[in-house]
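Here the structure comes first, spelled out in structure tokens, and everything after it is commentary.
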Amino acid sequence: MAHPLLQIDSLTKSFGDQLLFSDISFGIAEGDKIGLIARNGSGKTTLLNIIAGKESHDDGRVVFRNDIRFAYLEQSPQFDPQMTVLEACFNADNETVKLIARYEEIISSEEHDGLDEVLMQMDMQNAWDYEQRIKQILSQLKITDFHQKTGELSGGQVKRVALANVLISEPELVIMDEPTNHLDLEMVEWLEGHLTRNRMSLLMVTHDRYFLDRICTQILEIDEKQLFSYKGNFSYYLEKREERVMTQNTEMDRARNLMRKELEWMRRQPRARGTKSKSRIDAFYTLEEKTAQKEDGGNIRLQAKGAYIGNKIFEAKHVSKRFGDVVITEDFNYIFTRYEKMGIVGNNGTGKSTFVKMLLEEVKPDSGSFDIGETVHFGYYSQDGLQFNEQMKVIDVVQQIAEVIDMGNGNRLTASQFLQHFLFAPEKQHNYVYKLSGGEKRRLYLCTVLITNPNFLVLDEPTNDLDIITLNILEEYLKGFKGCLIVVSHDRFFMDKVVDHLLVFHGEARIQDFPGNYTQYREWKQIEERKEIQERKQAEEIKTTKALPEQGPSKKEDKSKLTFKEKREFESLEKEIEQLESEKNTINDALSSGNLPANELMQQSSRFSEIMKLIDEKTSRWIELSEKSI
């Protein structure tokens, strides 16, 4: 039976008169990997902060197992901008760093009190090679300049340094708030693999549905201030949640029917009569409260017609752009067609956002141009977001852009109705902006873009900080959108649902047009990588064969078959090579995991070299014997 690491009992939290969640309880055991799902503003980040001790709670308790190693990756990590990357890692709040600081303190003192105990702990925690391990995991996260100031890093690089701080401490329990935000697809897939292989327990908030599905073994959902638990991955959660919602809605229908009967009974009673059944009256008000509850908002369907758009959209003509030595595009040409839905993917720093900003004339190309059609009306959702007046009400923010939006077929929605489609209830619409959570502000920003009724949407990382329910609504909107679309995103699930082809930015101005969604591209890429490996292996085998010393002339009948001893050797070689290849792959995975101590890292590296040499020798002998058997 797995041992509990953390227990949450009857936790309640509110801000003023707003209750976030009430009397929720759950536990985390060894090996658990739990995803936490809720609408924006429901208290996901607040719950994580309470567990991490960064916020207080109204009632209940948070109990950790004694001496647990625990780490927390915040949604927007902050570092002293004057610190170097390495200094930021040595400034992390984990037990190993504290131990190293304690060791330095004792060494610098005259008495050296407690040195023996600290030395023993340093050995137990492998603290002596801490810097080497930091550099190893930073390199795996593509951070190679260890002396660069953190103030000079991009948002994605800062997130990776924070991620390195969490992983290097080798915690038994790690809590992550939107770990994939600002990470490019390569880094998301690396993290996915690392967390899947590692035995650490995990509680995380993320909107990345593929990430949830492939990593998590349990889903927790905060809905209507209550906690629901699902023992399975994200796909299992979707199935069981649908069952719960259907049951809930059936109960609602029954409650409404009963409510009508009860209402008729209440109205028939004389107002002055004091002998009404108190239990019947109490039951009436309980029913009234129950039927007033909100139904599931995930079934909302919203389609906008989009303003008329002509046949000419835009044409990129010989566009070139560079920043110093970094080349973004070089003589790039492209004709964008009507109703096209394009996804843009690539590693951070390859120029995805720059390309979009050139299209929108926010950045000028060094040469070439974008010829844009006269009927094109852009709607741009940027990473930076809209700077709201925090003292304005939500409804006023949208109404100052548009009072109504034309949905087509004679249907029109007011600003208030449009906000309701994006889960802003009437009472929430009259809140001030400063009261909104980060995710709710992003959702409001999205509404301000869509309500202008553009015919060409450009969305740069639209999924960051949006909850899964909002993403479902946005995906449905985009599927029915009668216009053009460009999406820059690291959210693989989102891209698969809304785009029909990709522009893949490989860096150094190499841009690939791929006719399919991200999953299809990834499958194609894996096939190409396997082909490349096979071709390289065959080339090495041919090279090895040519390098073998020429044998003297032999009789034709001797060449046509193997001796008994050679036949046994030939069969044995096939098995040995297969075993060596398997061991090579295992060691390669271990070396890539970032979990090996320095001494084992050296041993495994040495063994890897031996295996490669053995594979070459045995393959050469196998080729020699196979030729004799022909």
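Residue names in the structure tokens use chain letters A, B, ... in the order shown, residue numbers from 1 in each chain, and ligand numbers from 1 in the order shown.
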
- Neighbour list for Ser42 of chain A as a VMD selection string, cut-off 9 Å, only C-alpha atoms, skip fewer than 6 positions in-chain: chain A and resid 19 to 21 222 to 225 437

- Task: Looking only at strand (DSSP E) from DSSP on the backbone, list the matching residues of segment 64-131 of chain A as a list of chain:residue names.
- Result: A:Phe64, A:Phe70, A:Ala71, A:Tyr72, A:Leu73

Restricted to C-alpha atoms, what would the selected residues look like written as a short mmCIF file (atom, residue, chain, number, x, y, z; two decimals), in the first residue's frame?
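Wrote part.cif, looks like this:
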```
data_model
loop_
_atom_site.label_atom_id
_atom_site.label_comp_id
_atom_site.auth_asym_id
_atom_site.auth_seq_id
_atom_site.Cartn_x
_atom_site.Cartn_y
_atom_site.Cartn_z
CA PHE A 64 2.56 16.82 5.21
CA PHE A 70 8.65 19.07 -1.41
CA ALA A 71 8.98 21.55 -4.30
CA TYR A 72 6.61 24.11 -5.86
CA LEU A 73 6.74 25.45 -9.41
#
```

- Message: Write out as a PyMOL selection string the set of residues from segment 386-487 of chain A that DSSP, computed on the backbone, places in alpha helix (DSSP H).
- Response: chain A and resi 394-399+415-421+426-429+438-450+468-479

- Task: Kindly give the distance, in Å, that separates atom CA of Arg338 of chain A and atom CA of Lys312 of chain A, rounded to a single decimal.
- Result: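 Interatomic distance, atom CA of Arg338 of chain A to atom CA of Lys312 of chain A: 7.2 Å.
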
Which residues of segment 344-441 of chain A have any atom within 7 Å of an atom in segment 319-328 of chain A when counting only C-alpha atoms, and what is the closest pair of atoms for each, with the distance in Å to one decimal? Order the rows by chain and rising number and write it as a Markdown table.
```
| residue | atom | partner | partner_atom | distance |
| --- | --- | --- | --- | --- |
| A:Thr350 | CA | A:Ile328 | CA | 6.4 |
| A:Gly351 | CA | A:Ile328 | CA | 5.3 |
| A:Pro365 | CA | A:Lys321 | CA | 5.2 |
| A:Asp366 | CA | A:Lys321 | CA | 5.1 |
| A:Ser367 | CA | A:Ser320 | CA | 5.3 |
| A:Gly368 | CA | A:Val319 | CA | 4.2 |
| A:Ser369 | CA | A:Val319 | CA | 5.8 |
```

Prev. selection, N, CA and C atoms, output as a compact mmCIF listing (two decimals), in the first residue's frame:
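Output below, filename out_35.txt:
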```
# COMPACT_ATOMS: atom_id res chain seq x y z
N THR A 350 12.66 30.95 -32.57
CA THR A 350 12.77 30.70 -34.02
C THR A 350 12.01 31.74 -34.84
N GLY A 351 11.25 32.65 -34.19
CA GLY A 351 10.65 33.77 -34.92
C GLY A 351 9.16 33.69 -35.15
N PRO A 365 9.76 44.17 -41.88
CA PRO A 365 10.79 43.26 -42.41
C PRO A 365 12.00 44.05 -42.90
N ASP A 366 13.14 43.40 -42.94
CA ASP A 366 14.34 44.07 -43.47
C ASP A 366 14.20 44.29 -44.97
N SER A 367 13.55 43.35 -45.63
CA SER A 367 13.26 43.50 -47.06
C SER A 367 12.04 42.66 -47.39
N GLY A 368 11.41 42.94 -48.51
CA GLY A 368 10.18 42.26 -48.88
C GLY A 368 8.97 42.92 -48.21
N SER A 369 7.80 42.32 -48.43
CA SER A 369 6.58 42.95 -47.91
C SER A 369 5.45 41.92 -47.77
```

- Query: Counting only C-alpha atoms, which of A:Ile134, A:Val397, A:Leu502, A:Ile405 gets nearest to His430 of chain A?
  - Reply: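 Under the stated criterion, the closest residue is A:Val397.
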